[in-house]
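Peer 1: Please find final.cif (mmCIF, C-alpha atoms) on the next line:
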```
data_start
#
loop_
_atom_site.label_atom_id
_atom_site.label_comp_id
_atom_site.auth_asym_id
_atom_site.auth_seq_id
_atom_site.Cartn_x
_atom_site.Cartn_y
_atom_site.Cartn_z
CA MET A 1 27.49 19.35 39.83
CA THR A 2 30.33 20.71 37.71
CA THR A 3 28.16 23.21 35.78
CA ARG A 4 27.52 26.87 36.56
CA TRP A 5 24.21 25.91 38.18
CA ALA A 6 26.12 24.40 41.11
CA GLU A 7 28.84 27.07 41.37
CA VAL A 8 28.90 29.18 44.50
CA LYS A 9 28.90 32.91 43.72
CA GLU A 10 29.14 35.88 46.03
CA GLY A 11 25.75 36.97 47.29
CA GLU A 12 23.93 34.18 45.41
CA GLU A 13 22.99 30.69 46.40
CA PRO A 14 23.59 27.95 43.81
CA MET A 15 20.60 26.23 42.25
CA PHE A 16 22.02 22.83 43.20
CA SER A 17 24.03 22.57 46.38
CA THR A 18 23.95 18.78 46.73
CA ARG A 19 23.49 15.81 44.44
CA MET A 20 20.09 15.16 45.99
CA ASP A 21 18.90 18.60 44.79
CA VAL A 22 19.73 17.58 41.21
CA ILE A 23 17.84 14.30 41.61
CA LYS A 24 14.76 16.11 42.93
CA PHE A 25 14.88 18.61 40.07
CA LEU A 26 15.18 15.87 37.42
CA ASN A 27 12.38 13.91 39.07
CA LEU A 28 10.20 17.03 38.83
CA MET A 29 11.04 17.37 35.11
CA LEU A 30 10.16 13.71 34.59
CA ARG A 31 6.77 14.23 36.24
CA HIS A 32 6.11 17.13 33.86
CA LYS A 33 6.83 14.79 30.87
CA PHE A 34 10.03 16.51 29.69
CA PHE A 35 11.60 13.07 29.33
CA HIS A 36 10.81 9.51 30.31
CA ARG A 37 12.73 6.67 31.85
CA ALA A 38 13.51 3.78 29.51
CA LYS A 39 14.83 0.28 29.90
CA LYS A 40 17.44 -1.34 27.69
CA VAL A 41 16.33 -4.49 25.87
CA PRO A 42 18.99 -6.39 23.86
CA VAL A 43 18.11 -6.94 20.20
CA THR A 44 18.64 -10.50 19.03
CA GLU A 45 20.00 -11.47 15.62
CA GLN A 46 16.63 -13.01 14.70
CA GLU A 47 14.91 -9.66 15.23
CA LEU A 48 17.51 -7.86 13.11
CA LYS A 49 17.09 -10.39 10.29
CA ALA A 50 13.28 -10.09 10.50
CA LYS A 51 13.57 -6.29 10.36
CA LEU A 52 15.79 -6.49 7.28
CA LYS A 53 13.37 -8.96 5.67
CA ARG A 54 10.43 -6.59 6.22
CA LYS A 55 12.36 -3.75 4.62
CA LEU A 56 13.14 -5.89 1.58
CA GLU A 57 9.48 -6.88 1.21
CA LYS A 58 8.37 -3.25 1.17
CA LYS A 59 10.90 -2.13 -1.47
CA PRO A 60 10.61 -2.68 -5.26
CA ASP A 61 12.27 -5.58 -7.07
CA THR A 62 15.17 -3.48 -8.33
CA GLU A 63 16.02 -2.35 -4.83
CA LYS A 64 15.57 -5.91 -3.60
CA ARG A 65 18.21 -7.12 -6.07
CA GLY A 66 20.61 -4.48 -4.85
CA LYS A 67 19.86 -5.42 -1.27
CA LYS A 68 20.40 -9.09 -2.04
CA GLY A 69 23.81 -8.21 -3.42
CA GLU A 70 24.56 -6.26 -0.28
CA GLU A 71 23.31 -9.16 1.82
CA ASP A 72 25.63 -11.53 -0.03
CA LYS A 73 28.51 -9.16 0.64
CA THR A 74 27.60 -8.85 4.33
CA GLU A 75 27.25 -12.64 4.61
CA GLU A 76 30.68 -13.07 3.06
CA ALA A 77 32.09 -10.46 5.41
CA GLU A 78 30.40 -12.14 8.37
CA SER A 79 31.71 -15.54 7.33
CA SER A 80 35.23 -14.15 6.95
CA HIS A 81 34.83 -12.39 10.29
CA ALA A 82 33.66 -15.65 11.86
CA GLU A 83 36.66 -17.49 10.39
CA GLY A 84 38.91 -14.78 11.74
CA ASN A 85 37.32 -15.15 15.16
CA LYS A 86 37.89 -18.90 15.00
CA LYS A 87 41.54 -18.29 14.19
CA ASP A 88 41.77 -15.81 17.03
CA ASP A 89 40.24 -18.36 19.38
CA LYS A 90 43.03 -20.74 18.55
CA GLN A 91 45.64 -18.09 19.35
CA PRO A 92 46.52 -17.86 23.04
CA GLY A 93 46.40 -14.61 24.99
CA ILE A 94 43.08 -13.31 23.65
CA THR A 95 40.46 -12.87 26.37
CA ASP A 96 36.69 -12.84 26.18
CA ASP A 97 36.61 -9.16 27.11
CA LYS A 98 38.28 -8.16 23.85
CA GLU A 99 35.81 -10.23 21.86
CA ASN A 100 32.91 -8.62 23.68
CA LYS A 101 34.28 -5.17 22.85
CA LYS A 102 34.56 -6.11 19.17
CA ARG A 103 30.96 -7.28 19.07
CA LYS A 104 28.78 -4.37 20.14
CA THR A 105 25.42 -5.43 21.55
CA LYS A 106 22.54 -3.58 19.91
CA ILE A 107 19.72 -2.57 22.19
CA ARG A 108 16.31 -0.94 21.89
CA LEU A 109 14.70 1.38 24.38
CA GLU A 110 11.27 0.63 25.80
CA MET A 111 9.14 2.60 28.24
CA HIS A 112 9.97 1.72 31.85
CA LEU A 113 7.01 0.87 34.07
CA ASP A 114 8.48 2.76 37.04
CA GLN A 115 8.66 6.39 35.88
CA GLU A 116 10.97 7.78 38.56
CA PHE A 117 14.41 9.31 38.22
CA VAL A 118 17.13 7.05 39.60
CA ASP A 119 20.72 8.16 40.12
CA GLY A 120 22.33 5.39 38.11
CA LEU A 121 23.13 4.19 34.61
CA ASP A 122 19.54 3.99 33.38
CA ALA A 123 18.56 5.39 29.98
CA TYR A 124 16.36 8.48 29.73
CA VAL A 125 14.74 9.68 26.50
CA TRP A 126 14.02 13.35 25.88
CA ILE A 127 10.55 14.12 24.53
CA TYR A 128 11.14 16.84 21.92
CA ASP A 129 8.01 17.70 19.97
CA PRO A 130 8.29 21.23 18.51
CA ILE A 131 5.46 22.90 16.63
CA PRO A 132 6.17 22.72 12.85
CA VAL A 133 6.33 25.93 10.81
CA TYR A 134 3.42 24.93 8.58
CA TYR A 135 1.20 24.80 11.67
CA TRP A 136 1.73 28.53 12.12
CA PHE A 137 1.20 29.13 8.40
CA PHE A 138 -2.12 27.27 8.19
CA GLY A 139 -3.22 28.69 11.54
CA THR A 140 -2.68 32.21 10.19
CA LEU A 141 -4.67 31.33 7.07
CA LEU A 142 -7.55 30.05 9.22
CA VAL A 143 -7.63 33.28 11.23
CA LEU A 144 -7.58 35.40 8.07
CA GLY A 145 -10.28 33.20 6.53
CA ALA A 146 -12.50 33.63 9.60
CA ILE A 147 -12.07 37.40 9.43
CA ALA A 148 -12.91 37.36 5.70
CA VAL A 149 -16.10 35.36 6.35
CA CYS A 150 -17.15 37.84 9.03
CA LEU A 151 -16.70 40.64 6.48
CA PHE A 152 -18.95 38.87 3.94
CA PRO A 153 -21.54 41.72 3.81
CA LEU A 154 -18.77 44.07 2.63
CA TRP A 155 -17.73 41.84 -0.28
CA PRO A 156 -18.43 43.04 -3.85
CA PRO A 157 -21.71 41.71 -5.37
CA SER A 158 -19.89 39.69 -8.04
CA VAL A 159 -17.79 37.86 -5.43
CA ARG A 160 -20.83 37.13 -3.27
CA LYS A 161 -22.64 35.73 -6.30
CA GLY A 162 -19.69 33.43 -7.06
CA VAL A 163 -19.63 32.21 -3.45
CA TYR A 164 -23.36 31.47 -3.69
CA TYR A 165 -22.85 29.33 -6.80
CA LEU A 166 -19.97 27.49 -5.12
CA SER A 167 -22.09 26.74 -2.05
CA VAL A 168 -24.89 25.38 -4.26
CA LEU A 169 -22.35 23.20 -6.10
CA ALA A 170 -20.93 21.89 -2.80
CA ALA A 171 -24.42 21.07 -1.51
CA GLY A 172 -25.22 19.22 -4.76
CA PHE A 173 -22.02 17.21 -4.49
CA LEU A 174 -22.86 16.27 -0.90
CA ILE A 175 -26.34 15.11 -1.92
CA PHE A 176 -24.78 13.08 -4.76
CA ILE A 177 -22.43 11.29 -2.33
CA ILE A 178 -25.29 10.45 0.04
CA ALA A 179 -27.45 9.14 -2.82
CA LEU A 180 -24.53 7.08 -4.13
CA ALA A 181 -23.97 5.53 -0.68
CA ILE A 182 -27.67 4.58 -0.46
CA LEU A 183 -27.61 3.14 -4.00
CA ARG A 184 -24.60 0.91 -3.32
CA VAL A 185 -26.27 -0.51 -0.20
CA VAL A 186 -29.50 -1.21 -2.15
CA VAL A 187 -27.60 -2.99 -4.95
CA PHE A 188 -25.64 -5.03 -2.42
CA CYS A 189 -28.79 -6.12 -0.57
CA LEU A 190 -30.63 -7.07 -3.79
CA LEU A 191 -27.76 -9.23 -5.06
CA TRP A 192 -27.27 -10.78 -1.63
CA VAL A 193 -30.95 -11.78 -1.45
CA VAL A 194 -31.05 -13.12 -5.04
CA THR A 195 -27.89 -15.26 -4.62
CA LEU A 196 -28.80 -16.31 -1.04
CA GLY A 197 -25.68 -14.64 0.35
CA LYS A 198 -23.21 -16.40 -1.98
CA HIS A 199 -22.18 -13.32 -3.94
CA HIS A 200 -21.37 -9.78 -2.86
CA LEU A 201 -21.19 -6.75 -5.13
CA TRP A 202 -20.07 -3.35 -3.92
CA LEU A 203 -20.31 -0.25 -6.09
CA PHE A 204 -17.41 2.08 -5.31
CA PRO A 205 -16.06 -0.14 -2.49
CA ASN A 206 -13.62 2.55 -1.33
CA LEU A 207 -16.28 5.24 -1.02
CA THR A 208 -16.42 5.04 2.78
CA GLU A 209 -12.78 3.97 3.27
CA ASP A 210 -10.04 6.19 4.67
CA VAL A 211 -8.32 6.88 1.31
CA GLY A 212 -7.71 9.83 -0.97
CA PHE A 213 -10.42 11.67 -2.90
CA LEU A 214 -9.73 10.04 -6.29
CA ALA A 215 -9.13 6.62 -4.70
CA SER A 216 -12.62 6.76 -3.17
CA PHE A 217 -14.14 6.38 -6.64
CA TRP A 218 -11.90 3.55 -7.85
CA PRO A 219 -12.55 0.72 -8.54
CA ILE A 220 -16.10 1.26 -9.76
CA TYR A 221 -17.30 -2.15 -8.59
CA GLN A 222 -15.87 -5.14 -6.76
CA PRO A 223 -17.55 -8.55 -6.94
CA GLU A 224 -16.75 -11.03 -4.18
CA GLU A 225 -17.64 -14.57 -3.33
CA ILE A 226 -18.20 -15.67 0.22
CA ALA A 227 -15.20 -18.04 0.10
CA GLU A 228 -12.91 -15.25 -1.12
CA GLU A 229 -14.24 -12.96 1.57
CA THR A 230 -13.49 -15.44 4.35
CA GLY A 231 -10.00 -15.94 2.92
CA LEU A 232 -9.41 -12.20 2.91
CA LEU A 233 -10.64 -11.93 6.48
CA ALA A 234 -8.29 -14.70 7.56
CA GLU A 235 -5.42 -12.95 5.77
CA ARG A 236 -6.22 -9.65 7.43
CA GLU A 237 -6.40 -11.27 10.85
CA ALA A 238 -3.01 -12.90 10.27
CA GLN A 239 -1.52 -9.57 9.16
CA ASN A 240 -3.00 -7.80 12.18
CA SER A 241 -1.57 -10.40 14.55
CA GLU A 242 1.84 -10.08 12.87
CA SER A 243 1.75 -6.29 13.06
CA GLU A 244 0.75 -6.45 16.75
CA SER A 245 3.63 -8.81 17.53
CA GLU A 246 6.01 -6.57 15.59
CA SER A 247 4.80 -3.45 17.35
CA SER A 248 5.24 -5.14 20.73
CA GLN A 249 8.87 -5.85 19.82
CA LYS A 250 9.55 -2.37 18.45
CA SER A 251 11.18 0.25 20.62
CA GLN A 252 9.55 3.52 21.59
CA THR A 253 12.05 5.47 19.51
CA GLY A 254 11.94 3.14 16.49
CA LYS A 255 15.75 2.86 16.39
CA ASP A 256 18.35 0.45 17.69
CA PHE A 257 21.39 1.56 19.64
CA GLU A 258 24.76 0.09 20.45
CA MET A 259 26.18 -0.41 23.92
CA VAL A 260 29.40 1.58 24.33
CA GLU A 261 31.84 1.81 27.17
CA LYS A 262 32.54 4.97 29.10
CA ASP A 263 36.19 5.00 27.94
CA GLU A 264 35.09 4.97 24.28
CA VAL A 265 32.78 7.94 24.78
CA GLU A 266 35.46 9.98 26.52
CA SER A 267 38.02 9.15 23.82
#
```
How would this structure read if it were set down as structure tokens?

Peer 2:
Amino acid sequence: MTTRWAEVKEGEEPMFSTRMDVIKFLNLMLRHKFFHRAKKVPVTEQELKAKLKRKLEKKPDTEKRGKKGEEDKTEEAESSHAEGNKKDDKQPGITDDKENKKRKTKIRLEMHLDQEFVDGLDAYVWIYDPIPVYYWFFGTLLVLGAIAVCLFPLWPPSVRKGVYYLSVLAAGFLIFIIALAILRVVVFCLLWVVTLGKHHLWLFPNLTEDVGFLASFWPIYQPEEIAEETGLLAEREAQNSESESESSQKSQTGKDFEMVEKDEVES
């Protein structure tokens, strides 16, 4: 209400004359998915420690050692901070409000079930998803490529001959992949029947997996026993359940925030 959109000018009506006009406008923006309403969920110390542990597990050993050193330092600092707090507790005249200000509560933002703008202290998250520059670049290349294909009859004979050889090579490679997929299934079925289902053998096990081109052809073979397979399945199920529980605890933005007072923001 203090911006130029609410100022009264001669011969012009302001865009927002009352506070209710602003609320209606923001509610309209929320319906059009410009932002969404979020709720603040406090982050516990156990969740922060689990997050730090997951980061350490993903990093190499050298970085883990450095992190362990940092953890030792932070633990020492926390212990000294705790001792200082104990000393402060013994001193008279220190209230709980000051201690609460010293310890900032970290929160995470989650999607609110009631997506409606409320004139209050709720959190709202802007949805900013611009189109990257490389999208325009590759889109332009696709358009130019389509035009070049349409002009194929006008290409020089040598270029058309080269394109013909490339198309034959691509078709041969596709036939090779299909034959390889059929061969690996035949080998697997034969070994499974001979060993009565006790042993599995996959040729190029990553051939149909969602991996890179070179990774699709490595390893060349992968023998498995039925006991190992069940163990792997149990491991994968455990990892999936852990990842689901972690994702349910994660915020929509993927970051944690700290609660601050209005006086601190203004200062």

Peer 1: At what distance in Å, to one decimal, does atom CA of A:Asp114 lie from atom CA of A:Thr2?

Peer 2: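 Spanning atom CA of A:Thr2 to atom CA of A:Asp114 is a straight-line distance of 28.3 Å.
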
Peer 1: Spell out the residues picked by the PyMOL selection byres ((chain A and resi 44) around 12) here, as a VMD selection string.

Peer 2: chain A and resid 41 to 43 45 to 51 104 to 108 249 256

Peer 1: In Å, with one decimal, what is the gap from atom CA of A:Tyr124 to atom CA of A:Arg4?

Peer 2: 22.6 Å

Peer 1: Dump as a VMD selection string all residues having an atom at most 10 Å from (-15.2, 8.1, -6.8), computed in the file's coordinates with only C-alpha atoms.

Peer 2: chain A and resid 177 180 203 to 207 212 to 220

Peer 1: Could the residues in this selection be written to a file with C-alpha atoms, as a CSV table (one decimal), in the frame of the given file?

Peer 2:
```csv
chain,number,residue,atom,x,y,z
A,177,ILE,CA,-22.4,11.3,-2.3
A,180,LEU,CA,-24.5,7.1,-4.1
A,203,LEU,CA,-20.3,-0.2,-6.1
A,204,PHE,CA,-17.4,2.1,-5.3
A,205,PRO,CA,-16.1,-0.1,-2.5
A,206,ASN,CA,-13.6,2.6,-1.3
A,207,LEU,CA,-16.3,5.2,-1.0
A,212,GLY,CA,-7.7,9.8,-1.0
A,213,PHE,CA,-10.4,11.7,-2.9
A,214,LEU,CA,-9.7,10.0,-6.3
A,215,ALA,CA,-9.1,6.6,-4.7
A,216,SER,CA,-12.6,6.8,-3.2
A,217,PHE,CA,-14.1,6.4,-6.6
A,218,TRP,CA,-11.9,3.6,-7.8
A,219,PRO,CA,-12.6,0.7,-8.5
A,220,ILE,CA,-16.1,1.3,-9.8
```

Peer 1: Quote the spacing between atom CA of A:Asn27 and atom CA of A:Asp119 in Å to one decimal place.

Peer 2: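 Those two atoms sit 10.2 Å apart.
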
Peer 1: Evaluate the PyMOL selection byres ((chain A and resi 35) around 8) and record the selected residues as a list in words, following the chain and residue labels used in the document.

Peer 2: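 With the PyMOL selection byres ((chain A and resi 35) around 8) on this model, the match is Met29, Leu30, Lys33, Phe34, His36, Arg37, Tyr124, Val125, Trp126 and Ile127 of chain A.
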
Peer 1: Could you tell me which of A:Ser167, A:Pro14, A:Tyr135, A:Ala181 comes closest to A:Glu209 if we count all atoms listed in the file?

Peer 2: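 Once distances to A:Glu209 are computed over all atoms listed in the file, the minimum belongs to A:Ala181.
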
Peer 1: Between A:Phe117, A:Phe152, A:Lys55, A:Glu224, which is the closest to A:Gly197 once you count only C-alpha atoms?

Peer 2: A:Glu224

Peer 1: Write out as lines of an AutoDock Vina configuration file an axis-aligned box for stretch 13-18 of chain A: all of its atoms listed in the file, 6 Å added on each side, centre and edge lengths in Å with one decimal.

Peer 2:
```
center_x = 22.3
center_y = 24.7
center_z = 44.5
size_x = 15.4
size_y = 23.9
size_z = 16.5
```

Peer 1: If the PyMOL selection byres ((chain A and resi 15) around 8) is run on the structure shown, which residues does it catch, given as number ranges by chain?

Peer 2: A: 5-6, 13-14, 16-17

Peer 1: With distances taken over only C-alpha atoms, which of A:Leu201, A:Leu52, A:Ala123, A:Leu113 is nearest to A:Cys189?

Peer 2: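 Of the candidates, the smallest distance to A:Cys189 is held by A:Leu201.
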